[in-house]
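Enquirer: What follows is a single structure, and I will ask about it in a moment.
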Amino acid sequence: MTLASTMHLIRHVLLYAVLLLVSTNVSYAQKSSTTKTVGRAVTAIIDDYRDAGEPFVYSTNLLSDSFLVEAEPADGSPLQVVDQILRPFHLKVVEDSGFYLVTRMSKAQIQAMSTSIFEPADVAAVAPLLESITVSASRYQLSRELANSTFFIDQRTVQNMPDVGEDPIRAAQRLPGTAAGGVSARSHFRGGEQNETGILLNGHRLIDPYHARDYQSIFSNIDARAINGIEVYTGGFPVRYGDHLSGVVLIDSLNPEQPSRTEVGLSVFNTSFLTSGTDRDGDKSWLLSARRGNLDLVLKKELGEPSYYDVFGQFSLQVTPSTQISANAIFADDSLLVVLEDEPDELERSISDTQNAEFWARIDTKWSDVLSSTTVFSLSALQHQRNAETNDEEKFISTASDRRSIRNFGLRQDWAWNMDERHLVQWGFVAEHSTADFDYSSTASYFGLPEIIVGTDGPVSRSIDIDPSGQRYSFYVSDRWRVLDKAVLDLGLRWDTQTYSSREASSQVSPRAGLYYGISRNTDLRLSWGRYHQSQAINELQIEDGITSYFPAQRADHLIVGINHRFANQATLRVEAFQKEMRDLRPRFENLFDSFALIPELAPDRIRISPTRARARGVELSIDRTGEGPWAWWATYTYSKAFDVVAGRQQFRSWDQKHAFLAGLSFSGERWEAAVVANVHSGWPRTQFDLRTVVDDDGEAEFVAVFGERNARRYRTFGAIDARLSRKFDVKRGSLTVFVEISNLTNRTNICCSDFDLLEDDETPTLERSQDFWLPLLPAIGILWEF
């Protein structure tokens with residue numbers, strides 16, 4: 001993307017943001033004519049005090065308009081009254097430089113409070129909290145403070161978790177039911193494919209938010225220090241999130257709470273800069289994050305030069321007491337040279353360039369104490385080109401040229417109506433227009449072993465040049481209904497349709513239901529059932545494998561049962577059983593032996609998998625404890641099975657892992673922080689490969705190579721221990737944190753892939769098998785200056 005086109009996009013964003021703001025007609029703040037506070041929005045009470053001259057300051061990202069006063073506060077000063085009505089939401093007021101700042105409570109303060117969602121003595125007082133009750137099963141929150149009845153890892157732990165590249169998306173790989181090899185930042189949720197999980201940042205769905213998209217998507221383009229927290233649905237998500245088959249990752253950017261804050265970081269993986277701040281009135285806030293990858297500086301030149309960077313910015317403005325507008329932008333640029341073999345007779349090299357620019361304006365409006373809306377207008381552009389070649393005359397020679405560009409214009413609006421103490425009605429719609437331009441060509445010739453593989457079609461020559469375009473529309477409605485004092489029912493219905501130039505429009509209807517029941521003060525039950533559809537996004541056309549048209553939407557039916565129990569010692573136990581039935585699946589392409597192939601679509605082990613259906617089922621057990629002290633721990637165990645049905649036979653999915661165990665221990669002191677994570681799971685499935693003797697038409701014996709039954713065997717058990725240690729020092733200006741991080745601490749060789757060579761030293765040829773591995777021991781050091 002050129003500078004001129006980028007500026008053109010920015011101008012369009014600003015223009016549409018202004019038009020959309022005008023279209024909202026700048027809502028008014030509804031005033032109350034009575035002194036009664038129960039049921040009123042907390043923000044309305046604070047705004048009344050501000051109008052009277054009290055210096056309250058708060059962020060609308062921190063203090064939602066949906067937070068309603070639960071009980072009449074006792075008489076007192078404005079500071080005392082506001083502090084009382086904030087307590088149920090784990091917020092408090094602190095005096096700072098002459099202002100009353102609304103901020104979060106500490107973990108110790110939260111633990112001192114009751115963690116029960118329902119107070120049997122006064123159910124009516126809790127009724128306004130209907131919006132904050134989590135009805136869905138399989139929801140996990142990795143955020144700054146405790147959330148009711150959720151598996152919890154706070155933000156500080158996320159940032160200090162030993163993950164490669166300090167990547168926040170990788171934190172989701174520590175959740176039960178996920179499968180990941182450790183190289184890619186992508187994950188499989190409960191037996192699903194990697195592309196079945198949506199990632200939303202500040203209400204906007206990101207398009208392919210990864211660096212090195214052609215080589216395992218090793219990092220996301222989201223800075224871990226620029227986010228406020230991560231909320232993850234591994235299944236059973238509500239109807240407002242659609243067009244995804246397996247899961248949703250929701251990310252909110254950091255809420256600036258100080259007038260000015262700056263961070264400068266340097267590590268093996270990246271150099272980073274972050275600045276944020278807010279004005280004295282709290283009406284304006286800003287955040288800017290920039291990172292540059294350092295792999296091109298630390299890797300040997302003969303291995304390539306992977307260069308990449310990303311920038312994220314947000315500016316928020318409180319236009320009126322009831323309307324906030326924010327402008328968001330994220331830009332990522334990759335320029336990658338990857339060399340697997342540099343010898344001329346075995347050359348494997350790929351050069352790729354990617355630019356991903358996404359801009360969106362968000363308007364949060366409180367029309368009254370019970371009605372609010374969020375509107376997001378987005379503009380996204382992705383440009384990508386790749387030129388790759390291999391030159392191994394003993395196996396295959398191939399070339400690939402891939403150029404593609406994507407444009408997407410979107411409008412999303414979500415409404416929430418607290419119609420009374422027993423009903424919360426939500427509805428919304430999504431409208432998107434997308435265009436794409438694909439120009440792809442490739443050639444491949446096979447020799448030696450690849451040439452005698454049964455099913456090999458011989459030389460490959462593809463040339464595809466198409467430019468599809470179309471729209472996607474969605475509408476949903478749901479009612480969160482308190483049917484009993486301790487029971488909440490969530491009923492929803494979603495409608496989606498897509499139309500691309502190569503196919504007729506298709507529509508899907510997705511009903512969903514969830515039930516929450518408070519069995520006791522410390523135990524609750526959740527049930528989720530729902531139908532989920534996922535269309536093929538316009539950027540997901542499989543042109544590299546010769547596919548020139550889009551497939552219909554896939555379908556999955558989720559059924560989940562979960563029980564949570566909170567012990568007196570602050571430990572939380574969570575048990576969930578799930579089943580996911582998948583139908584209408586589109587074909588996918590996999591490499592049987594080498595997941596790291598430089599040009600995977602031309603490798604001789606490339607196969608097409610066309611399942612008629614698939615199923616994933618399992619049981620997840622997780623327990624964690626975060627108390628007032630410096631120590632915290634957590635552990636999860638998952639027993640599961642994920643398989644395709646192909647030609648009437650069950651075949652394990654390539655990421656199936658029958659047993660999976662994860663455990664972590666962390667220490668968080670005033671100066672020192674440490675964390676260690678252990679990951680053990682069953683080896684992933686693999687396919688046998690053999691030589692056989694056959695008789696040709698002339699009666700001559702010859703050798704051929706054949707694939708065994710797909711995924712009928714397994715690699716050995718995967719195991720890894722990751723660790724991180726950091727120390728904070730006070731300096732003249734701010735603080736300095738030094739950290740060391742080690743992935744795969746024991747340097748265990750976890751097999752990922754296989755390679756085969758044909759040995760013909762005598763009259764009987766044989767196969768020689770070699771193995772490749774997931775990440776070895778990988779140390780990293782870094783430093784962070786905060787001021």
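Lettering and numbering for the structure tokens are positional, with chains as A, B, ... in the shown order, residues counted from 1 in each chain, and ligands counted from 1 in the shown order.
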Hey, what's within 10 Å of region 545-549 of chain A if we count only C-alpha atoms and toss same-chain stuff fewer than 3 positions away? As a compact mmCIF listing (two decimals) with N, CA, C and O atoms, in the first residue's frame, please?
Expert:
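Okay, around-v9.txt is ready:
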```
# COMPACT_ATOMS: atom_id res chain seq x y z
N PHE A 438 -7.30 -11.44 -7.02
CA PHE A 438 -6.34 -12.53 -6.89
C PHE A 438 -5.61 -12.72 -8.21
O PHE A 438 -6.24 -12.80 -9.28
N TYR A 440 -2.64 -15.40 -9.27
CA TYR A 440 -1.79 -16.49 -8.77
C TYR A 440 -1.32 -17.36 -9.92
O TYR A 440 -2.08 -17.68 -10.84
N SER A 441 -0.06 -17.77 -9.85
CA SER A 441 0.47 -18.72 -10.82
C SER A 441 1.52 -19.59 -10.13
O SER A 441 2.22 -19.13 -9.22
N SER A 442 1.62 -20.84 -10.57
CA SER A 442 2.60 -21.76 -9.97
C SER A 442 2.90 -22.89 -10.94
O SER A 442 2.09 -23.23 -11.81
N SER A 461 0.67 -26.97 -13.15
CA SER A 461 0.74 -25.63 -13.73
C SER A 461 -0.59 -24.95 -13.50
O SER A 461 -1.64 -25.42 -13.98
N ARG A 462 -0.58 -23.87 -12.72
CA ARG A 462 -1.81 -23.14 -12.40
C ARG A 462 -1.63 -21.67 -12.71
O ARG A 462 -0.56 -21.10 -12.49
N SER A 463 -2.71 -21.08 -13.18
CA SER A 463 -2.73 -19.64 -13.42
C SER A 463 -4.16 -19.15 -13.20
O SER A 463 -5.09 -19.55 -13.92
N ILE A 464 -4.34 -18.32 -12.18
CA ILE A 464 -5.68 -17.87 -11.79
C ILE A 464 -5.66 -16.36 -11.61
O ILE A 464 -4.78 -15.82 -10.93
N ASP A 465 -6.61 -15.70 -12.22
CA ASP A 465 -6.73 -14.24 -12.10
C ASP A 465 -8.22 -13.91 -12.01
O ASP A 465 -8.94 -13.94 -13.01
N ILE A 466 -8.71 -13.64 -10.82
CA ILE A 466 -10.13 -13.35 -10.61
C ILE A 466 -10.27 -12.20 -9.64
O ILE A 466 -9.36 -11.89 -8.86
N PRO A 468 -13.36 -11.34 -7.26
CA PRO A 468 -14.71 -11.45 -6.68
C PRO A 468 -15.06 -10.23 -5.83
O PRO A 468 -14.19 -9.51 -5.35
N TYR A 500 -21.41 -13.36 -3.09
CA TYR A 500 -20.18 -13.07 -3.82
C TYR A 500 -20.46 -13.26 -5.30
O TYR A 500 -21.40 -13.95 -5.68
N SER A 501 -19.65 -12.66 -6.11
CA SER A 501 -19.94 -12.62 -7.54
C SER A 501 -19.97 -14.00 -8.18
O SER A 501 -20.60 -14.20 -9.21
N SER A 502 -19.31 -14.98 -7.56
CA SER A 502 -19.22 -16.30 -8.17
C SER A 502 -20.32 -17.25 -7.71
O SER A 502 -20.42 -18.36 -8.20
N ARG A 503 -21.15 -16.83 -6.76
CA ARG A 503 -22.19 -17.72 -6.25
C ARG A 503 -23.45 -16.90 -5.97
O ARG A 503 -23.41 -15.69 -5.80
N LEU A 541 -10.39 -17.47 -0.21
CA LEU A 541 -10.48 -18.29 -1.41
C LEU A 541 -9.19 -19.10 -1.60
O LEU A 541 -8.10 -18.54 -1.57
N GLN A 542 -9.34 -20.41 -1.83
CA GLN A 542 -8.18 -21.31 -1.84
C GLN A 542 -7.57 -21.39 -3.24
O GLN A 542 -7.39 -22.46 -3.82
N PRO A 552 -20.35 -23.01 0.30
CA PRO A 552 -21.40 -22.55 1.22
C PRO A 552 -20.90 -22.52 2.66
O PRO A 552 -19.87 -23.10 3.00
N PRO A 587 -14.05 -28.46 1.68
CA PRO A 587 -12.77 -29.18 1.60
C PRO A 587 -11.63 -28.32 2.13
O PRO A 587 -11.65 -27.10 2.04
N ARG A 588 -10.63 -28.97 2.70
CA ARG A 588 -9.43 -28.28 3.13
C ARG A 588 -8.22 -29.06 2.65
O ARG A 588 -8.32 -30.24 2.29
N PHE A 589 -7.09 -28.40 2.65
CA PHE A 589 -5.87 -29.01 2.13
C PHE A 589 -4.82 -29.04 3.24
O PHE A 589 -4.64 -28.06 3.96
N PRO A 600 3.67 -24.81 0.56
CA PRO A 600 2.90 -26.00 0.98
C PRO A 600 1.96 -26.51 -0.09
O PRO A 600 1.73 -27.71 -0.19
N GLU A 601 1.40 -25.60 -0.91
CA GLU A 601 0.41 -26.04 -1.90
C GLU A 601 1.03 -26.88 -3.02
O GLU A 601 0.30 -27.57 -3.76
N LEU A 602 2.36 -26.84 -3.18
CA LEU A 602 3.03 -27.59 -4.24
C LEU A 602 3.83 -28.77 -3.72
O LEU A 602 4.41 -29.53 -4.51
N ARG A 606 0.91 -32.94 -0.28
CA ARG A 606 -0.33 -32.15 -0.20
C ARG A 606 -1.52 -33.01 -0.60
O ARG A 606 -1.51 -33.67 -1.66
N ILE A 607 -2.55 -33.02 0.25
CA ILE A 607 -3.75 -33.79 -0.05
C ILE A 607 -4.99 -32.94 0.19
O ILE A 607 -4.96 -31.97 0.94
N ARG A 608 -6.06 -33.30 -0.47
CA ARG A 608 -7.36 -32.66 -0.26
C ARG A 608 -8.20 -33.54 0.65
O ARG A 608 -8.31 -34.75 0.44
```
Enquirer: Run DSSP on the backbone and give me the residues of region 390-556 of chain A it puts in strand (DSSP E), as a ChimeraX atom specification.
Expert: /A:390-392,396-420,423-446,460-466,469-484,487-500,506-518,523-534,554-556
Enquirer: Near region 329-339 of chain A, within 7 Å and counting only C-alpha atoms, which residues show up once chain neighbours fewer than 5 positions away are dropped, as a list in words?
Expert: His211, Ala212, Asn221, Glu302, Leu303, Gly304, Glu305, Pro306, Ser307, Tyr308, Tyr309, Asp310, Val311, Phe312, Gly313, Gln314, Glu348, Arg349, Ser350, Ile351, Ser352, Asp353, Thr354, Gln355, Asn356, Ala357, Glu358, Phe359 and Trp360 of chain A
Enquirer: Output the selection as a compact mmCIF listing (two decimals), in the first residue's frame - N, CA, C and O atoms for each residue.
Expert:
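Result file is result.txt:
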```txt
# COMPACT_ATOMS: atom_id res chain seq x y z
N HIS A 211 1.58 -11.53 11.74
CA HIS A 211 2.82 -11.38 10.98
C HIS A 211 3.23 -12.74 10.42
O HIS A 211 2.94 -13.78 11.00
N ALA A 212 3.96 -12.71 9.30
CA ALA A 212 4.46 -13.93 8.65
C ALA A 212 3.31 -14.88 8.33
O ALA A 212 3.35 -16.07 8.67
N ASN A 221 -0.30 -9.04 15.33
CA ASN A 221 0.12 -7.64 15.22
C ASN A 221 -0.48 -6.79 16.33
O ASN A 221 -0.70 -5.59 16.16
N GLU A 302 22.02 -16.12 6.49
CA GLU A 302 21.77 -17.21 5.56
C GLU A 302 20.40 -17.84 5.79
O GLU A 302 19.90 -18.59 4.94
N LEU A 303 19.76 -17.55 6.94
CA LEU A 303 18.42 -18.06 7.21
C LEU A 303 17.32 -17.11 6.72
O LEU A 303 16.15 -17.45 6.74
N GLY A 304 17.72 -15.90 6.29
CA GLY A 304 16.74 -14.96 5.79
C GLY A 304 16.75 -13.66 6.57
O GLY A 304 17.54 -13.45 7.50
N GLU A 305 15.82 -12.79 6.20
CA GLU A 305 15.68 -11.49 6.85
C GLU A 305 14.20 -11.19 7.06
O GLU A 305 13.57 -10.51 6.26
N PRO A 306 13.63 -11.68 8.17
CA PRO A 306 12.22 -11.40 8.46
C PRO A 306 12.07 -10.03 9.14
O PRO A 306 12.37 -9.86 10.32
N SER A 307 11.60 -9.05 8.39
CA SER A 307 11.43 -7.69 8.91
C SER A 307 9.95 -7.37 8.97
O SER A 307 9.20 -7.59 8.01
N TYR A 308 9.49 -6.83 10.11
CA TYR A 308 8.08 -6.50 10.25
C TYR A 308 7.92 -5.45 11.34
O TYR A 308 8.76 -5.29 12.23
N TYR A 309 6.82 -4.72 11.26
CA TYR A 309 6.47 -3.76 12.31
C TYR A 309 4.96 -3.57 12.33
O TYR A 309 4.25 -3.93 11.39
N ASP A 310 4.45 -3.01 13.42
CA ASP A 310 3.02 -2.70 13.53
C ASP A 310 2.83 -1.46 14.39
O ASP A 310 3.66 -1.14 15.26
N VAL A 311 1.75 -0.74 14.13
CA VAL A 311 1.41 0.49 14.84
C VAL A 311 -0.08 0.46 15.16
O VAL A 311 -0.90 0.10 14.29
N PHE A 312 -0.42 0.79 16.39
CA PHE A 312 -1.82 0.90 16.78
C PHE A 312 -2.05 2.24 17.47
O PHE A 312 -1.23 2.67 18.30
N GLY A 313 -3.14 2.90 17.13
CA GLY A 313 -3.47 4.16 17.75
C GLY A 313 -4.95 4.28 18.04
O GLY A 313 -5.79 3.74 17.29
N GLN A 314 -5.27 4.96 19.12
CA GLN A 314 -6.68 5.21 19.46
C GLN A 314 -6.80 6.60 20.08
O GLN A 314 -5.96 7.00 20.90
N GLU A 348 15.69 -23.37 -1.36
CA GLU A 348 14.32 -23.15 -0.89
C GLU A 348 14.27 -21.73 -0.35
O GLU A 348 14.83 -21.43 0.71
N ARG A 349 13.56 -20.85 -1.06
CA ARG A 349 13.56 -19.43 -0.70
C ARG A 349 12.19 -18.82 -1.00
O ARG A 349 11.56 -19.15 -1.99
N SER A 350 11.79 -17.91 -0.12
CA SER A 350 10.51 -17.22 -0.30
C SER A 350 10.67 -15.76 0.09
O SER A 350 11.28 -15.44 1.12
N ILE A 351 10.12 -14.89 -0.75
CA ILE A 351 10.10 -13.45 -0.47
C ILE A 351 8.65 -13.00 -0.47
O ILE A 351 7.90 -13.27 -1.41
N SER A 352 8.24 -12.34 0.60
CA SER A 352 6.85 -11.88 0.67
C SER A 352 6.78 -10.49 1.28
O SER A 352 7.62 -10.11 2.11
N ASP A 353 5.78 -9.74 0.86
CA ASP A 353 5.50 -8.40 1.39
C ASP A 353 4.01 -8.30 1.67
O ASP A 353 3.19 -8.64 0.80
N THR A 354 3.69 -7.82 2.86
CA THR A 354 2.29 -7.70 3.26
C THR A 354 2.08 -6.36 3.95
O THR A 354 2.88 -5.97 4.81
N GLN A 355 0.99 -5.69 3.59
CA GLN A 355 0.57 -4.48 4.29
C GLN A 355 -0.90 -4.66 4.68
O GLN A 355 -1.73 -4.98 3.84
N ASN A 356 -1.17 -4.46 5.95
CA ASN A 356 -2.53 -4.62 6.48
C ASN A 356 -2.90 -3.35 7.23
O ASN A 356 -2.29 -3.02 8.25
N ALA A 357 -3.88 -2.61 6.72
CA ALA A 357 -4.32 -1.35 7.33
C ALA A 357 -5.81 -1.45 7.67
O ALA A 357 -6.62 -1.80 6.80
N GLU A 358 -6.15 -1.16 8.91
CA GLU A 358 -7.54 -1.20 9.33
C GLU A 358 -7.85 0.05 10.16
O GLU A 358 -7.11 0.40 11.08
N PHE A 359 -8.95 0.70 9.80
CA PHE A 359 -9.37 1.93 10.47
C PHE A 359 -10.84 1.78 10.85
O PHE A 359 -11.64 1.28 10.05
N TRP A 360 -11.18 2.21 12.04
CA TRP A 360 -12.58 2.17 12.42
C TRP A 360 -12.90 3.26 13.44
O TRP A 360 -12.07 3.65 14.26
```
Enquirer: Which is closest to Leu491 (chain A) among A:Pro611, A:Gly265, A:Gly683, A:Pro238, if we use only C-alpha atoms?
Expert: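 Among A:Pro611, A:Gly265, A:Gly683, A:Pro238, it is A:Pro238 that comes nearest to Leu491 (chain A).
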Enquirer: Quick one: residues within 10 Å of Gln318 (chain A), only C-alpha atoms, excluding same-chain residues fewer than 5 positions away - as an MDAnalysis selection string?
Expert: chainID A and resid 59:60 281:285 323:326 363:364
Enquirer: Got a sec: who's within 12 Å of Glu590 (chain A), counting only C-alpha atoms, leaving out chain neighbours fewer than 4 positions off, as an mmCIF file with N, CA and C atoms, in the first residue's frame?
Expert:
```cif
data_model
loop_
_atom_site.group_PDB
_atom_site.id
_atom_site.type_symbol
_atom_site.label_atom_id
_atom_site.label_comp_id
_atom_site.auth_asym_id
_atom_site.auth_seq_id
_atom_site.Cartn_x
_atom_site.Cartn_y
_atom_site.Cartn_z
ATOM 1 N N GLU A 193 -10.777 -25.855 13.242
ATOM 2 C CA GLU A 193 -9.651 -25.361 12.473
ATOM 3 C C GLU A 193 -9.195 -24.007 13.012
ATOM 4 N N ASP A 545 -4.611 -23.712 -4.186
ATOM 5 C CA ASP A 545 -4.888 -25.124 -4.430
ATOM 6 C C ASP A 545 -5.822 -25.329 -5.617
ATOM 7 N N ASP A 594 5.018 -32.575 6.358
ATOM 8 C CA ASP A 594 5.834 -31.395 6.639
ATOM 9 C C ASP A 594 4.949 -30.164 6.792
ATOM 10 N N SER A 595 4.709 -29.760 8.038
ATOM 11 C CA SER A 595 3.891 -28.576 8.308
ATOM 12 C C SER A 595 4.615 -27.283 7.975
ATOM 13 N N PHE A 596 5.946 -27.352 7.815
ATOM 14 C CA PHE A 596 6.738 -26.146 7.586
ATOM 15 C C PHE A 596 7.172 -25.983 6.126
ATOM 16 N N ALA A 597 6.511 -26.684 5.206
ATOM 17 C CA ALA A 597 6.876 -26.589 3.794
ATOM 18 C C ALA A 597 6.821 -25.133 3.338
ATOM 19 N N ILE A 599 6.547 -23.880 0.245
ATOM 20 C CA ILE A 599 5.429 -23.691 -0.688
ATOM 21 C C ILE A 599 4.484 -24.863 -0.454
ATOM 22 N N PRO A 600 3.673 -24.810 0.564
ATOM 23 C CA PRO A 600 2.901 -25.999 0.982
ATOM 24 C C PRO A 600 1.957 -26.506 -0.089
ATOM 25 N N GLU A 601 1.402 -25.602 -0.915
ATOM 26 C CA GLU A 601 0.413 -26.045 -1.897
ATOM 27 C C GLU A 601 1.025 -26.878 -3.020
ATOM 28 N N LEU A 602 2.360 -26.840 -3.184
ATOM 29 C CA LEU A 602 3.029 -27.593 -4.245
ATOM 30 C C LEU A 602 3.835 -28.767 -3.720
ATOM 31 N N ALA A 603 3.906 -28.943 -2.417
ATOM 32 C CA ALA A 603 4.665 -30.051 -1.835
ATOM 33 C C ALA A 603 4.007 -31.380 -2.218
ATOM 34 N N PRO A 604 4.794 -32.436 -2.427
ATOM 35 C CA PRO A 604 4.231 -33.717 -2.876
ATOM 36 C C PRO A 604 3.340 -34.412 -1.857
ATOM 37 N N ASP A 605 3.383 -33.985 -0.586
ATOM 38 C CA ASP A 605 2.526 -34.615 0.423
ATOM 39 C C ASP A 605 1.213 -33.857 0.609
ATOM 40 N N ARG A 606 0.907 -32.936 -0.282
ATOM 41 C CA ARG A 606 -0.326 -32.146 -0.199
ATOM 42 C C ARG A 606 -1.519 -33.013 -0.601
ATOM 43 N N ILE A 607 -2.552 -33.023 0.251
ATOM 44 C CA ILE A 607 -3.753 -33.791 -0.055
ATOM 45 C C ILE A 607 -4.989 -32.939 0.186
ATOM 46 N N ARG A 608 -6.063 -33.303 -0.469
ATOM 47 C CA ARG A 608 -7.361 -32.661 -0.260
ATOM 48 C C ARG A 608 -8.203 -33.542 0.652
ATOM 49 N N ILE A 609 -8.792 -32.930 1.690
ATOM 50 C CA ILE A 609 -9.636 -33.646 2.643
ATOM 51 C C ILE A 609 -11.057 -33.102 2.487
ATOM 52 N N SER A 610 -12.001 -34.000 2.188
ATOM 53 C CA SER A 610 -13.393 -33.593 1.945
ATOM 54 C C SER A 610 -14.317 -34.357 2.892
ATOM 55 N N ARG A 653 -8.591 -35.749 13.317
ATOM 56 C CA ARG A 653 -8.092 -34.481 12.807
ATOM 57 C C ARG A 653 -6.613 -34.346 13.191
ATOM 58 N N SER A 654 -5.862 -33.621 12.397
ATOM 59 C CA SER A 654 -4.405 -33.604 12.537
ATOM 60 C C SER A 654 -3.927 -32.966 13.827
ATOM 61 N N TRP A 655 -4.820 -32.280 14.553
ATOM 62 C CA TRP A 655 -4.463 -31.646 15.818
ATOM 63 C C TRP A 655 -5.188 -32.307 16.995
ATOM 64 N N ARG A 686 -0.307 -38.906 12.878
ATOM 65 C CA ARG A 686 0.551 -38.895 11.694
ATOM 66 C C ARG A 686 0.134 -40.033 10.765
ATOM 67 N N THR A 687 0.642 -39.985 9.546
ATOM 68 C CA THR A 687 0.282 -40.960 8.520
ATOM 69 C C THR A 687 1.501 -41.785 8.140
ATOM 70 N N ARG A 710 -4.879 -42.295 6.690
ATOM 71 C CA ARG A 710 -4.576 -40.953 7.188
ATOM 72 C C ARG A 710 -4.745 -40.882 8.710
ATOM 73 N N ASN A 711 -3.674 -40.368 9.361
ATOM 74 C CA ASN A 711 -3.672 -40.077 10.798
ATOM 75 C C ASN A 711 -3.988 -41.303 11.661
#
```
Enquirer: Show which residues sit within 12 Å of Asp496 (chain A), as a ChimeraX atom specification. Count only C-alpha atoms, and ignore same-chain residues fewer than 3 positions away.
Expert: /A:239-244,428-432,471-476,493,499,505-511,532-535,553
Enquirer: Tell me which of A:Ile85, A:Ala52, A:Leu245, A:Ala571 sits closest to Arg531 (chain A), counting only C-alpha atoms.
Expert: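 Looking only at the distances to Arg531 (chain A), the closest residue turns out to be A:Leu245.
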Enquirer: Fewer than 4 positions away in the same chain doesn't count, so skip those; otherwise give me all residues within 12 Å of Ile560 (chain A), counting only C-alpha atoms, as a ChimeraX atom specification.
Expert: /A:135-139,190,234-237,512-515,525-530,575-581,616-620
Enquirer: For a quick check of understanding, using only C-alpha atoms, which of A:Asp479, A:Leu175, A:His558, A:Leu274 has the smallest distance to Asp624 (chain A)?
Expert: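 For Asp624 (chain A), the nearest of the given residues is A:Leu175.
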Enquirer: Nearest to Asp524 (chain A): which of A:Gly470, A:Pro55, A:Gly699, A:Gly562 is it, counting only C-alpha atoms?
Expert: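 Ranking A:Gly470, A:Pro55, A:Gly699, A:Gly562 by distance to Asp524 (chain A), first place goes to A:Gly562.
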Enquirer: Which distance in Å separates CA of Ile751 (chain A) and CA of Gly177 (chain A), to one decimal?
Expert: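 Straight-line distance from CA of Ile751 (chain A) to CA of Gly177 (chain A) works out to 20.9 Å.
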Enquirer: Choose the residue, out of A:Thr749, A:Ser253, A:Ser373, A:Ser322, that has the smallest atom-to-atom separation from Ser289 (chain A); count only C-alpha atoms.
Expert: A:Ser253
Enquirer: Calculated over only C-alpha atoms, which of the candidates A:Leu598, A:Gln498, A:Val561, A:Gly191 has the smallest distance to Ala614 (chain A)?
Expert: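 The answer is A:Gly191, which sits nearest to Ala614 (chain A).
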